[in-house]
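**Student:** My questions will all concern the structure given below.
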Amino acid sequence: MQYMYNPTEKWFRARFTPAIMLGDNRSAVTACERHITLSRKAACEGAVLLKNNGILPLKKGAKIAVFGNAQIDYVKGGGGSGDVFSPYVRNIYEGLKLKEDKVDVFDTLSFFYMNNVAQAYKNGEKNGRLAEPKVPAELMRAAAEFTDTAVITICRHSGEGYDKSADSCYFELEAGEKELAADVLANFAHVIVLLNTGAVIDTSWIANEEKIEAALMLWQGGMEGGLAAADMLVGDDAPCGKLADTFAASLCDYPSTAGFHESEDYVKYTEDIFVGYRYFETLPGKKASVVYPFGYGLTYTTFKISDIFVSASDKRIFVGADVTNTGKRAGKEVVQVYYSAPKGKISKEKIALAAFAKTPLIEPGKKATVTMYFDINDMASYDDVGDVKKSAYVLESGEYKIFVGNSVRDNVCAYKYKVGNTVIAKKCRSYCAPKNLEKRLMADGSLRDAPARKTAQKSFAPTYHSEYKPREEIIELYDVAEGSATLDDFISQMSDEELMVLLTGKKSTGVCNCGTIGGFNDKYRIQPIATADGPAGLRLHRNRGVRTTAFPVATAIACSWNTALAEEIGAAAAMECKENNLQIWLAPALNIHRNPLCGRNFEYYSEDPVVSGKMAAAMVRGIQAQRVVATAKHLAANNKETNRLDSDSVVSERALREIYLKGFEICVKESAPKLVMTSYNLINGVRASECGELIMGILRGEWGYEGAVTTDWSNHAEHYKEVKAGNDVRMPCREGLLKEPYEAGLLTRDEMAACAKRLLEMILWVE
Ligand code: BGC
């Protein structure tokens with residue numbers, strides 16, 4: 001761990017609380033070797049080998065010329081609250097130099113890029129946003145004399161608070177990159193491409209160019225991403241990720257691109273449930289736009305999936321398969337299970353992911369067996385118009401085909417599950433319906449009129465009653481923790497004004513820089529518990545002095561399809577939180593990759609809610625096993641950064657439930673995060689944090705969530721409306737907003753007490 005001491009700074013030490021080290025013999029776990037090694041391992045596990053004719057891994061002693069700023073200007077992760085201040089970041093060139101016994105790099109060329117990047121930084125340019133320089137002809141000649149094998153590196157940066165514009169050259173190569181690719185292809189017989197981005201970019205130029213013999217999507221691989229890249233290039237490790245997003249040839253191929261920047265005030269989710277592969281695999285003629293499909297990825301060996309067995313109980317479908325390594329190197333495979341629902345009255349996607357499992361490392365010639373299951377009701381569609389039964393999940397009659405394979409395209413139908421008469425799988429209530437969606441996409445490509453909501457928002461009676469009973473002898477929260485008093489008695493001694501104070505965040509303490517929850521430490525001993533950002537590692541402000549492990553971004557973790565790995569990362573980051581006296585980690589983030597333009601995609605997992613939900617659930621398990629609070633964020637439909645505090649996501653109830661809420665539902669039901677963060681945006685005209693239908697109706701009512709709910713930081717909502725909606729705490733720190741509405745009769749003690757109870761339960765849960 002590296003501390004940035006500035007002993008001359010006034011009260012430097014007094015500002016921080018000393019950490020009690022959690023490692024063996026009182027060593028630090030924060031940015032310890034074990035966590036950094038985990039980060040490096042995860043970067044390989046999530047990297048996706050898009051193409052390989054056998055050139056990778058490189059033969060021992062291979063000579064390579066590495067092109068592109070990205071070898072020096074490596075981007076470890078995205079910007080904003082998801083950025084992590086790690087002790088160092090190792091770039092690709094440095095990684096390769098640590099493998100000098102295996103690969104010979106043409107240093108002169110790399111020095112050229114080193115100088116170029118240093119100069120650009122001096123001119124104020126920023127990591128991941130530099131223009132490619134023209135390689136002088138003489139240098140190009142010298143490189144070609146040194147070797148016939150070139151590596152092109154390309155990087156991208158994006159961050160919180162802004163989106164990419166359609167012409168900003170995030171998705172497409174910029175002019176300098178195009179020229180570089182052309183020059184390299186003209187001068188070298190063998191070309192390898194390394195992509196260091198946080199989101200989907202154009203890969204058609206790679207797929208279409210025969211001379212590009214291998215391509216590796218590194219994503220943004222954290223602080224050891226450069227070394228992980230070198231590990232994979234020389235074969236010390238193998239990429240074994242699969243895409244968690246569809247790579248289409250052009251930005252316009254994604255149905256949500258057309259309206260993405262239509263307005264700063266709203267986004268119309270006209271494509272409805274047809275997001276990602278659900279669109280490309282279903283809509284007539286759209287398959288052809290896909291360059292690399294969802295679930296796809298190669299590795300350094302080959303596998304055969306065989307002996308597939310599928311069986312059904314009355315509630316579940318069970319799937320198992322044998323995976324044999326038919327190649328020459330050890331490797332891991334991901335077995336993916338998809339289903340296809342019958343055509344019926346409800347327009348459906350052709351295929352959807354139901355379950356997946358990653359194998360352990362399989363040696364050549366050996367095999368592993370994987371098993372998984374999913375609920376039959378997971379295949380139901382949500383009927384929000386009444387085609388079959390309004391506001392219900394419906395399993396229409398017919399054959400549900402179960403496919404097993406290793407991508408959305410490579411699979412076989414292994415089972416047919418028959419539903420005789422249409423089944424109403426679950427009856428719900430209509431919540432969060434749109435008023436002005438107008439049109440929604442159907443499976444055949446037509447647009448159907450979307451019904452407009454006519455009813456007012458539903459209100460929810462407080463779920464808790466607490467009479468004010470002042471006491472002479474105060475009960476401390478510690479007494480409740482010890483079991484000598486009840487939480488109900490504890491709450492009843494608090495005045496209405498005190499409850500109001502509890503429902504807002506408090507100032508940061510120690511190294512915390514996002515605020516605390518709790519307060520009244522003097523009177524009631526309600527310990528303020530501290531929050532810290534994520535999700536690619538524990539984020540502490542630069543000036544807090546502590547450096548933490550930067551893990552690969554969430555998209556990379558998702559591409560590992562390895563839930564055990566996500567759990568391990570969650571546990572490691574949570575230990576770093578704990579060591580630094582932080583009790584709440586503001587991770588995982590699981591919004592859907594609706595469109596490649598969203599600036600914050602790197603922080604989220606996938607275009608698919610099952611991958612997102614399962615990965616988030618695993619992360620939560622790891623975090624909370626350390627008794628650190630996990631925060632599933634941002635509920636929901638937070639798929640655009642422009643004007644994110646006031647933008648209205650206009651979306652059908654069905655798309656909400658099947659796509660945008662589904663991952664949260666999985667996460668909540670599988671691993672019960674202690675905290676959920678509502679998003680800034682409005683959902684169909686109502687701010688997420690003020691939306692009782694979302695928080696009380698769906699999250700708590702339908703899913704049975706018992707934890708607490710926080711706002712996102714400094715949103716534009718009205719605090720009293722949030723309390724009424726069951727959003728328990730307003731962050732980071734803004735007292736005094738409840739008094740007036742309370743005195744005006746707009747808010748009741750019970751409504752405040754219900755929120756207070758959930759917050760106190762969370763505080764009682766932490767160590
Ligand atoms: C982000 C959250 C983050 C919070 C605290 C907000 O701007 O949207 O994801 O946890 O800030 O830093």
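A note on labels: chains of the structure tokens are A, B, ... as shown, every chain counts residues from 1, and ligands are counted from 1 in their shown order.
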Contacts of A:Leu38 at 12 Å or less, counting only C-alpha atoms, minus same-chain residues fewer than 4 places along, as an MDAnalysis selection string?
**Tutor:** chainID A and resid 31:34 42:45 221:225 228 537 549:552 557 565:573
**Student:** Go ahead and save the picked residues with C-alpha atoms, as a compact mmCIF listing (two decimals), in the first residue's frame.
**Tutor:**
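Below is the file result.txt, written as the result:
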```
# COMPACT_ATOMS: atom_id res chain seq x y z
CA ALA A 31 -3.53 -3.27 -2.77
CA CYS A 32 -1.72 -6.34 -1.48
CA GLU A 33 0.02 -8.76 -3.80
CA ARG A 34 -2.81 -11.29 -3.58
CA ALA A 42 -9.36 -11.53 -13.86
CA ALA A 43 -8.05 -9.42 -16.74
CA CYS A 44 -7.13 -12.63 -18.59
CA GLU A 45 -10.30 -14.44 -17.65
CA GLY A 221 -8.18 -4.60 -17.41
CA GLY A 222 -7.30 -2.73 -14.22
CA MET A 223 -3.89 -1.87 -12.81
CA GLU A 224 -2.16 -4.99 -14.17
CA GLY A 225 -3.96 -4.95 -17.50
CA ALA A 228 -2.17 -9.53 -18.28
CA GLY A 537 -12.19 -1.53 -6.75
CA THR A 549 -6.42 -2.37 -6.05
CA ALA A 550 -7.86 -1.42 -9.44
CA PHE A 551 -9.66 -4.46 -10.83
CA PRO A 552 -10.83 -4.84 -14.43
CA ILE A 557 -15.72 -9.27 -15.32
CA LEU A 565 -14.36 -14.91 -9.85
CA ALA A 566 -16.82 -12.03 -9.39
CA GLU A 567 -17.45 -13.25 -5.86
CA GLU A 568 -13.73 -13.36 -5.14
CA ILE A 569 -13.25 -9.82 -6.43
CA GLY A 570 -16.21 -8.64 -4.35
CA ALA A 571 -14.67 -10.18 -1.24
CA ALA A 572 -11.23 -8.70 -1.95
CA ALA A 573 -12.56 -5.19 -2.52
```
**Student:** List as a list in words the protein and nucleic acid residues near A:Thr257, meaning an atom at most 12 Å away when only C-alpha atoms are counted, but skip any in the same chain fewer than 2 places from it.
**Tutor:**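 These residues fall inside the cut-off: Lys164, Ser165, Ala166, Asp167, Phe171, Ser250, Leu251, Cys252, Asp253, Tyr254, Pro255, Gly259, Phe260, His261, Glu262, Val267, Lys268, Tyr269, Thr270, Glu271, Val275, Gly276, Arg594, Asn595, Pro596, Leu597, Cys598 and Lys640 of chain A.
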**Student:** Would you pick out the contacts of A:Arg730 at 8 Å or less, using only C-alpha atoms, so that residues sharing its chain but fewer than 4 positions from it are not included, and give the list as a ChimeraX atom specification?
**Tutor:** /A:503-505,710-714,719,734
**Student:** Using N, CA, C and O atoms, can you export the residues from the last selection as a compact mmCIF listing (two decimals), in the first residue's frame?
**Tutor:**
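New file out_25.txt:
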```txt
# COMPACT_ATOMS: atom_id res chain seq x y z
N LEU A 503 -32.56 10.58 8.39
CA LEU A 503 -32.84 10.20 7.00
C LEU A 503 -32.01 10.94 5.98
O LEU A 503 -32.28 10.87 4.77
N THR A 504 -31.02 11.68 6.45
CA THR A 504 -30.09 12.30 5.49
C THR A 504 -28.68 11.85 5.82
O THR A 504 -28.36 11.54 6.97
N GLY A 505 -27.84 11.83 4.81
CA GLY A 505 -26.45 11.45 5.00
C GLY A 505 -25.72 12.46 5.86
O GLY A 505 -26.20 13.59 6.08
N THR A 710 -31.05 3.87 -0.88
CA THR A 710 -30.46 5.21 -0.86
C THR A 710 -30.72 5.91 -2.18
O THR A 710 -30.92 5.26 -3.21
N THR A 711 -30.67 7.23 -2.14
CA THR A 711 -30.71 7.99 -3.40
C THR A 711 -29.33 7.90 -4.04
O THR A 711 -28.36 7.51 -3.39
N ASP A 712 -29.24 8.33 -5.29
CA ASP A 712 -27.92 8.62 -5.83
C ASP A 712 -27.55 10.01 -5.29
O ASP A 712 -28.40 10.76 -4.79
N TRP A 713 -26.28 10.34 -5.41
CA TRP A 713 -25.74 11.51 -4.72
C TRP A 713 -26.23 12.85 -5.28
O TRP A 713 -26.12 13.10 -6.48
N SER A 714 -26.80 13.68 -4.41
CA SER A 714 -27.24 15.04 -4.76
C SER A 714 -28.18 15.06 -5.96
O SER A 714 -27.97 15.82 -6.90
N HIS A 719 -37.06 15.60 -1.06
CA HIS A 719 -36.79 14.60 -0.03
C HIS A 719 -38.06 13.97 0.54
O HIS A 719 -38.15 12.77 0.74
N ARG A 734 -27.61 16.51 3.32
CA ARG A 734 -28.42 17.71 3.09
C ARG A 734 -29.58 17.69 4.06
O ARG A 734 -30.64 17.14 3.79
```
**Student:** Go through chain A and flag each residue having an atom no more than 8 Å from ligand 1; for those, report the closest pair of atoms plus their distance in Å to one decimal, using only C-alpha atoms and all ligand atoms, ordered by chain and rising number, as a Markdown table.
**Tutor:**
```
| residue | atom | partner | partner_atom_place_in_ligand_line | distance |
| --- | --- | --- | --- | --- |
| A:Gly80 | CA | ligand 1 | 7 (O) | 7.8 |
| A:Ser81 | CA | ligand 1 | 12 (O) | 5.0 |
| A:Gly82 | CA | ligand 1 | 9 (O) | 7.2 |
| A:Glu160 | CA | ligand 1 | 8 (O) | 7.4 |
| A:Gly161 | CA | ligand 1 | 7 (O) | 7.8 |
| A:Cys514 | CA | ligand 1 | 12 (O) | 5.8 |
| A:Ala532 | CA | ligand 1 | 12 (O) | 7.4 |
| A:Asp533 | CA | ligand 1 | 10 (O) | 5.3 |
| A:Gly534 | CA | ligand 1 | 10 (O) | 7.1 |
| A:Leu586 | CA | ligand 1 | 10 (O) | 5.2 |
| A:Ala587 | CA | ligand 1 | 10 (O) | 7.5 |
| A:Ala589 | CA | ligand 1 | 9 (O) | 7.3 |
| A:Lys633 | CA | ligand 1 | 9 (O) | 6.9 |
| A:His634 | CA | ligand 1 | 9 (O) | 7.0 |
| A:Ser679 | CA | ligand 1 | 8 (O) | 7.4 |
| A:Tyr680 | CA | ligand 1 | 8 (O) | 7.4 |
| A:Asp712 | CA | ligand 1 | 6 (C) | 5.6 |
| A:Trp713 | CA | ligand 1 | 11 (O) | 4.9 |
| A:Ser714 | CA | ligand 1 | 7 (O) | 7.8 |
| A:Pro732 | CA | ligand 1 | 5 (C) | 7.9 |
```
**Student:** Would you mind telling me which residue in A:Glu132, A:Glu690, A:Glu706, A:Glu722 lies nearest to A:Ser671 when using only C-alpha atoms?
**Tutor:**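 When distances to A:Ser671 are compared using only C-alpha atoms, the smallest one comes from A:Glu706.
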**Student:** Can you pull out every residue within 10 Å of A:Asn562, counting only C-alpha atoms, but drop anything in the same chain fewer than 2 positions away, and send it as a PyMOL selection string?
**Tutor:** chain A and resi 42+45-46+241+334+356-360+557-560+564-567+611+614-615+618
**Student:** Among the residues of stretch 613-732 of chain A, find those DSSP assigns to alpha helix (DSSP H) from the backbone and print them as a PyMOL selection string.
**Tutor:** chain A and resi 613-625+653-655+662-671+692+719-724
**Student:** Just the number, please: distance in Å from atom CA of A:Ala354 to atom CA of A:Val337, one decimal.
**Tutor:**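 Calculated distance between atom CA of A:Ala354 and atom CA of A:Val337 is 5.6 Å.
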**Student:** Tell me, as a count of residues only, which residues lie within 12 Å of A:Lys287, counting only C-alpha atoms; anything in the same chain fewer than 6 positions away does not count.
**Tutor:** 17
**Student:** Between atom CA of A:Lys63 and atom CA of A:Glu94, what is the spacing in Å?
**Tutor:**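 That distance, rounded to one decimal, is 15.7 Å.
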**Student:** Measuring between only C-alpha atoms, which one of A:Asp73, A:Leu477, A:Ser347, A:Thr197 shows the shortest distance to A:Tyr121?
**Tutor:**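 With only C-alpha atoms as the atom set, the closest residue is A:Asp73.
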**Student:** Determine, counting only C-alpha atoms, which protein, DNA and RNA residues have an atom within 12 Å of an atom of stretch 460-464 of chain A; residues of the same chain fewer than 5 positions away are not included. Present the result as a ChimeraX atom specification.
**Tutor:** /A:488,491-492,690-698,700-701,706,721,723-726,747-758
**Student:** Taking 4 positions as the minimum chain separation for residues in the same chain, which residues sit within 9 Å of A:Thr531 when counting only C-alpha atoms? Answer as a ChimeraX atom specification.
**Tutor:** /A:508,512-517,577,582-586
**Student:** Give me, please, the distance in Å between atom CA of A:Ala574 and atom CA of A:Asn601, quoted to one decimal.
**Tutor:**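 One can read the atom CA of A:Ala574 to atom CA of A:Asn601 distance as 22.5 Å.
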**Student:** Please extract the residues of stretch 392-471 of chain A with a backbone DSSP assignment of strand (DSSP E or B) and present them as a PyMOL selection string.
**Tutor:** chain A and resi 392-395+398-405+411-419+423-427+439-441+447-449
**Student:** Can you write just those residues out, N, CA and C atoms, as a short mmCIF file (atom, residue, chain, number, x, y, z; two decimals), in the first residue's frame?
**Tutor:**
```cif
data_model
loop_
_atom_site.label_atom_id
_atom_site.label_comp_id
_atom_site.auth_asym_id
_atom_site.auth_seq_id
_atom_site.Cartn_x
_atom_site.Cartn_y
_atom_site.Cartn_z
N ALA A 392 -49.47 -9.46 -16.05
CA ALA A 392 -49.13 -10.80 -15.55
C ALA A 392 -47.97 -11.37 -16.37
N TYR A 393 -47.19 -12.24 -15.72
CA TYR A 393 -46.19 -13.01 -16.44
C TYR A 393 -46.91 -14.23 -17.01
N VAL A 394 -46.71 -14.46 -18.30
CA VAL A 394 -47.50 -15.46 -19.00
C VAL A 394 -46.61 -16.46 -19.72
N LEU A 395 -46.91 -17.75 -19.55
CA LEU A 395 -46.23 -18.79 -20.34
C LEU A 395 -47.25 -19.24 -21.37
N GLY A 398 -47.45 -24.07 -25.94
CA GLY A 398 -46.57 -24.43 -27.06
C GLY A 398 -45.27 -25.01 -26.56
N GLU A 399 -44.32 -25.09 -27.51
CA GLU A 399 -43.03 -25.72 -27.20
C GLU A 399 -41.97 -24.70 -26.84
N TYR A 400 -41.34 -24.89 -25.70
CA TYR A 400 -40.22 -24.04 -25.30
C TYR A 400 -38.95 -24.83 -25.58
N LYS A 401 -38.18 -24.35 -26.55
CA LYS A 401 -36.98 -25.10 -26.93
C LYS A 401 -35.81 -24.68 -26.06
N ILE A 402 -35.05 -25.66 -25.60
CA ILE A 402 -33.88 -25.38 -24.77
C ILE A 402 -32.63 -25.66 -25.60
N PHE A 403 -31.77 -24.65 -25.73
CA PHE A 403 -30.56 -24.79 -26.53
C PHE A 403 -29.33 -24.78 -25.61
N VAL A 404 -28.37 -25.61 -25.96
CA VAL A 404 -27.13 -25.65 -25.17
C VAL A 404 -25.96 -25.48 -26.13
N GLY A 405 -25.01 -24.61 -25.77
CA GLY A 405 -23.87 -24.39 -26.65
C GLY A 405 -22.90 -23.39 -26.05
N ASN A 411 -25.17 -23.36 -30.85
CA ASN A 411 -25.84 -24.17 -29.83
C ASN A 411 -26.74 -25.19 -30.52
N VAL A 412 -27.16 -26.17 -29.76
CA VAL A 412 -28.08 -27.16 -30.34
C VAL A 412 -29.33 -27.24 -29.47
N CYS A 413 -30.42 -27.56 -30.12
CA CYS A 413 -31.66 -27.73 -29.37
C CYS A 413 -31.58 -29.07 -28.64
N ALA A 414 -31.62 -29.03 -27.33
CA ALA A 414 -31.40 -30.25 -26.57
C ALA A 414 -32.67 -30.75 -25.89
N TYR A 415 -33.72 -29.97 -25.93
CA TYR A 415 -34.92 -30.36 -25.17
C TYR A 415 -36.08 -29.49 -25.62
N LYS A 416 -37.27 -30.07 -25.52
CA LYS A 416 -38.47 -29.26 -25.79
C LYS A 416 -39.40 -29.40 -24.59
N TYR A 417 -39.68 -28.30 -23.99
CA TYR A 417 -40.57 -28.31 -22.83
C TYR A 417 -41.95 -27.85 -23.30
N LYS A 418 -42.94 -28.66 -23.02
CA LYS A 418 -44.27 -28.34 -23.57
C LYS A 418 -45.19 -27.72 -22.52
N VAL A 419 -45.81 -26.64 -22.91
CA VAL A 419 -46.84 -26.04 -22.06
C VAL A 419 -48.17 -26.28 -22.76
N VAL A 423 -50.30 -20.59 -19.27
CA VAL A 423 -50.24 -20.51 -17.81
C VAL A 423 -50.01 -19.05 -17.38
N ILE A 424 -50.74 -18.60 -16.40
CA ILE A 424 -50.45 -17.29 -15.81
C ILE A 424 -49.43 -17.57 -14.71
N ALA A 425 -48.18 -17.27 -14.99
CA ALA A 425 -47.10 -17.65 -14.06
C ALA A 425 -47.13 -16.77 -12.82
N LYS A 426 -47.45 -15.52 -12.99
CA LYS A 426 -47.51 -14.63 -11.83
C LYS A 426 -48.38 -13.43 -12.15
N LYS A 427 -49.29 -13.14 -11.27
CA LYS A 427 -50.15 -11.97 -11.48
C LYS A 427 -49.53 -10.80 -10.72
N LYS A 439 -44.86 4.43 -29.52
CA LYS A 439 -44.63 3.26 -30.38
C LYS A 439 -43.66 2.29 -29.70
N ARG A 440 -43.82 1.04 -30.01
CA ARG A 440 -42.85 0.05 -29.53
C ARG A 440 -42.62 -1.01 -30.60
N LEU A 441 -41.39 -1.50 -30.62
CA LEU A 441 -40.99 -2.43 -31.67
C LEU A 441 -41.53 -3.83 -31.40
N LEU A 447 -43.95 -1.47 -35.87
CA LEU A 447 -44.10 -0.68 -34.65
C LEU A 447 -45.55 -0.74 -34.21
N ARG A 448 -45.75 -1.00 -32.96
CA ARG A 448 -47.13 -1.09 -32.46
C ARG A 448 -47.39 0.11 -31.55
N ASP A 449 -48.62 0.58 -31.55
CA ASP A 449 -48.96 1.69 -30.66
C ASP A 449 -48.77 1.25 -29.21
#
```
**Student:** For a quick check of understanding, using only C-alpha atoms, which of A:Lys41, A:Lys669, A:Lys59, A:Lys126 has the smallest distance to A:Asp104?
**Tutor:**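 So, comparing all the options, the nearest one is A:Lys59.
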**Student:** Kindly indicate which residue among A:Val620, A:Val323, A:Leu98, A:Val234 lies nearest to A:Gly365, using only C-alpha atoms for the distances.
**Tutor:**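 The answer is A:Val323, which sits nearest to A:Gly365.
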